[in-house]
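**Student:** The structure follows.
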Amino acid sequence: MSGFLFSDEVLESPTNKMAETYWDILVVDDEEDIHQVTKLVLSGFKFENKALRFHHAYSAQEAKAILDTEQNISVGLIDVVMESNHAGLDLVRYIRDDLANFDIRLVLRTGQPGEAPEESVIRDYDINDYKNKTELTAVKLKTLLYSALRAHRDIQTIEKHKMGLERIIDASSNFLKCSNIQDFASTILSHVSAVMGLSDSEIYCAAAVNHQANEPTKFKLLAASGAGVEPSNVTLPENVQNLFIETHNKKASLKTRNEYIGYFPSREGSETMIYVSKDSELHSMDFQLLEFFANNIALAYDNLKLRETIKDSQKELSYILGEAVEKRSKETGSHVKRVAHYSMLLAQLYGLSHYQAEIIKLASPLHDIGKISIPDQILNKPGKLTDEEWIIMQTHAQQGFEILKNSTNEILQCGALIAHQHHEKWDGSGYPRGLKGEQINIVGRITALADVFDALGSERCYKPAWPLDKVIDLLNTQSGKQFEPKLVDLFLKNLEQFIEIRDRYPD
């Protein structure tokens with residue numbers, strides 16, 4: 001049969017020199033001659049500097065076994081009639097329907113066109129071409145393969161773009177979850193390689209920010225491969241530093257054969273720069289994906305900085321309000337800072353999320369905001385309060401709740417709960433509502449313990465500071481009465497961390 005498969009055109013001599021990467025070609029035919037002649041005609045064939053690698057199957061069943069293990073077949077040259085008159089057609093259905101492989105380009109070849117009429121086969125089967133073996137000269141076979149490989153390449157490019165964009169969307173959603181610049185920096189490192197579909201070891205990455213009006217050497221390094229969180233600029237290779245400086249000066253992205261330096265200015269005057277290098281050549285698709293990804297990094301960084309500014313403003317406002325109340329009652333302003341940090345640490349030890357712990361930290365300084373309604377002669381009385389004065393003093397919990405309760409701000413809502421419940425007790429003997437156990441919101445239970453620990457250990461107008469061992473004795477005594485036992489256990493087991501906070505913010 002091979003005598004009429006190909007004309008007497010001059011064939012290229014075979015070569016053993018193979019490229020590092022290949023186009024995988026599956027030849028499915030029950031005649032050994034077809035395999036040999038196909039391989040001979042296509043020896044030395046290259047497309048985009050990649051040679052061919054052949055996989056041979058002599059039946060549809062053998063082809064299925066190959067396709068089950070080989071995931072990168074680009075083109076299948078399939079005989080129609082093999083172990084049955086429609087074995088090739090059944091194989092096409094298997095590839096498209098069972099394997100759901102729509103990337104491989106399928107070309108049916110037949111020496112018996114009457115068994116499978118061309119029009120009905122092209123209409124009813126998802127193939128890319130249908131050829132009679134008698135018309136396939138060497139040149140036509142090569143032409144067919146060029147066309148099929150181009151189509152496969154384009155499909156792969158579209159799929160890579162799709163996957164890259166999906167990874168960018170996934171990475172961008174992770175940026176939105178970052179609560180601070182440190183989280184943001186590590187997220188950049190973990191996603192650049194994923195966006196490009198490479199392992200971390202195949203690329204070097206660095207991201208930096210600056211202000212457009214600054215000196216080019218004043219950039220701040222956010223992250224660099226293997227360098228940890230906010231590494232020093234001097235840890236960067238000199239060539240990377242120089243490229244950041246050049247990018248800043250040119251105010252434009254730069255590209256080399258295997259390097260990309262993206263430049264993204266913001267309307268507020270800041271600029272984000274990202275450097276990516278790869279041992280091998282970066283292709284146009286790599287540049288496009290990096291451009292999209294780096295632009296998202298710039299937008300996410302601007303949004304994160306804005307969120308941090310707002311959060312810092314909220315924290316400062318909480319401290320200012322809390323300190324104003326403490327100063328009015330002639331107590332130290334460091335009390336609210338210590339209570340804030342104690343509360344955050346307790347929340348983390350209790351198992352609350354980092355976000356919840358941050359909210360408690362920002363809201364707890366407002367625990368005594370209701371004291372602004374208490375008269376000075378009661379608030380600053382050096383001696384013991386009378387029963388009537390104590391009743392008035394107790395109203396500060398309700399008053400604090402009334403001040404904050406109508407806010408829609410999450411921090412102030414939490415502050416309202418804390419102000420209202422930080423004098424409730426685990427056994428139900430507290431005020432203003434006599435709540436018991438888990439009826440008291442966890443934010444109130446946490447702040448209650450943090451507040452008492454600090455108040456007892458600090459000097460007040462009505463008492464001297466207690467020694468630490470006396471404070472610990474009280475906490476043990478009040479476990480299960482005033483305080484939730486689990487919180488007391490966590491506090492005492494991690495006492496050194498709380499002492500460190502106390503010493504960090506002295507009176």
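We label chains A, B, ... in the order they appear in the structure tokens, count residues from 1 in each chain, and number ligands from 1 in the order shown.
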Show me, as a VMD selection string, the residues that have an atom within 6 Å of A:Val209 when counting only C-alpha atoms, minus same-chain residues fewer than 6 positions from it.
**Tutor:** chain A and resid 219 to 220 271 to 272
**Student:** Write the residues you've just listed into a file as a compact mmCIF listing (two decimals), in the first residue's frame, and include N, CA and C atoms for each of them.
**Tutor:**
# COMPACT_ATOMS: atom_id res chain seq x y z
N PHE A 219 13.27 53.82 46.93
CA PHE A 219 12.18 52.86 46.84
C PHE A 219 12.18 51.94 48.07
N LYS A 220 10.99 51.45 48.41
CA LYS A 220 10.82 50.51 49.53
C LYS A 220 10.54 49.13 48.96
N GLU A 271 4.13 54.86 43.12
CA GLU A 271 4.44 54.00 41.98
C GLU A 271 4.80 52.61 42.51
N THR A 272 4.34 51.61 41.81
CA THR A 272 4.67 50.23 42.14
C THR A 272 5.50 49.65 41.02
**Student:** With a distance cut-off of 7 Å and only C-alpha atoms, select the neighbouring residues of A:Arg109, excluding the residue or stretch itself and same-chain residues fewer than 3 positions from it, and output the selection as number ranges by chain.
**Tutor:** A: 77-80, 130-133
**Student:** Please, what distance in Å, to one decimal, runs between atom CA of A:Ser280 and atom CA of A:Asn258?
**Tutor:**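 Between these atoms lies a distance of 6.2 Å.
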**Student:** Write out as an MDAnalysis selection string the residues lying within 10 Å of stretch 408-422 of chain A, counting only C-alpha atoms and excluding same-chain residues fewer than 6 positions away.
**Tutor:** chainID A and resid 311 314:315 318 356 358:371 395:402 430:435 439:452
**Student:** For a quick check of understanding, using only C-alpha atoms, which of A:Arg93, A:His341, A:Lys493, A:His86 has the smallest distance to A:Gln112?
**Tutor:**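 Residue with the minimum atom-to-atom distance to A:Gln112: A:His86.
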**Student:** Select, from A:Lys481, A:His423, A:Lys337, A:Lys486, the residue with the minimum atom-to-atom distance to A:Asp503, counting only C-alpha atoms.
**Tutor:**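 Nearest candidate to A:Asp503 out of A:Lys481, A:His423, A:Lys337, A:Lys486: A:Lys337.
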**Student:** From the options A:Asn494, A:Gln36, A:Asn210, A:Thr69, which residue's atoms come nearest to A:Leu222, counting only C-alpha atoms?
**Tutor:**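 That would be A:Asn210, the residue with the smallest distance to A:Leu222.
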**Student:** Give the answer as one residue: which of A:Met285, A:Ile403, A:Ile104, A:Val488 has the shortest atom-to-atom distance to A:Ile372, using only C-alpha atoms?
**Tutor:**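 Looking at the shortest contact to A:Ile372, the residue is A:Ile403.
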**Student:** Between A:Tyr204, A:Val37, A:Arg257, A:Glu159, which has the minimum distance to A:Ile274 (counting only C-alpha atoms)?
**Tutor:**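 For A:Ile274, the nearest of the given residues is A:Tyr204.
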**Student:** Between A:Ile499, A:Ala223, A:Met393, A:Ala206, single out the one closest to A:Asn380, counting only C-alpha atoms.
**Tutor:**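 Result for the nearest residue to A:Asn380: A:Met393.
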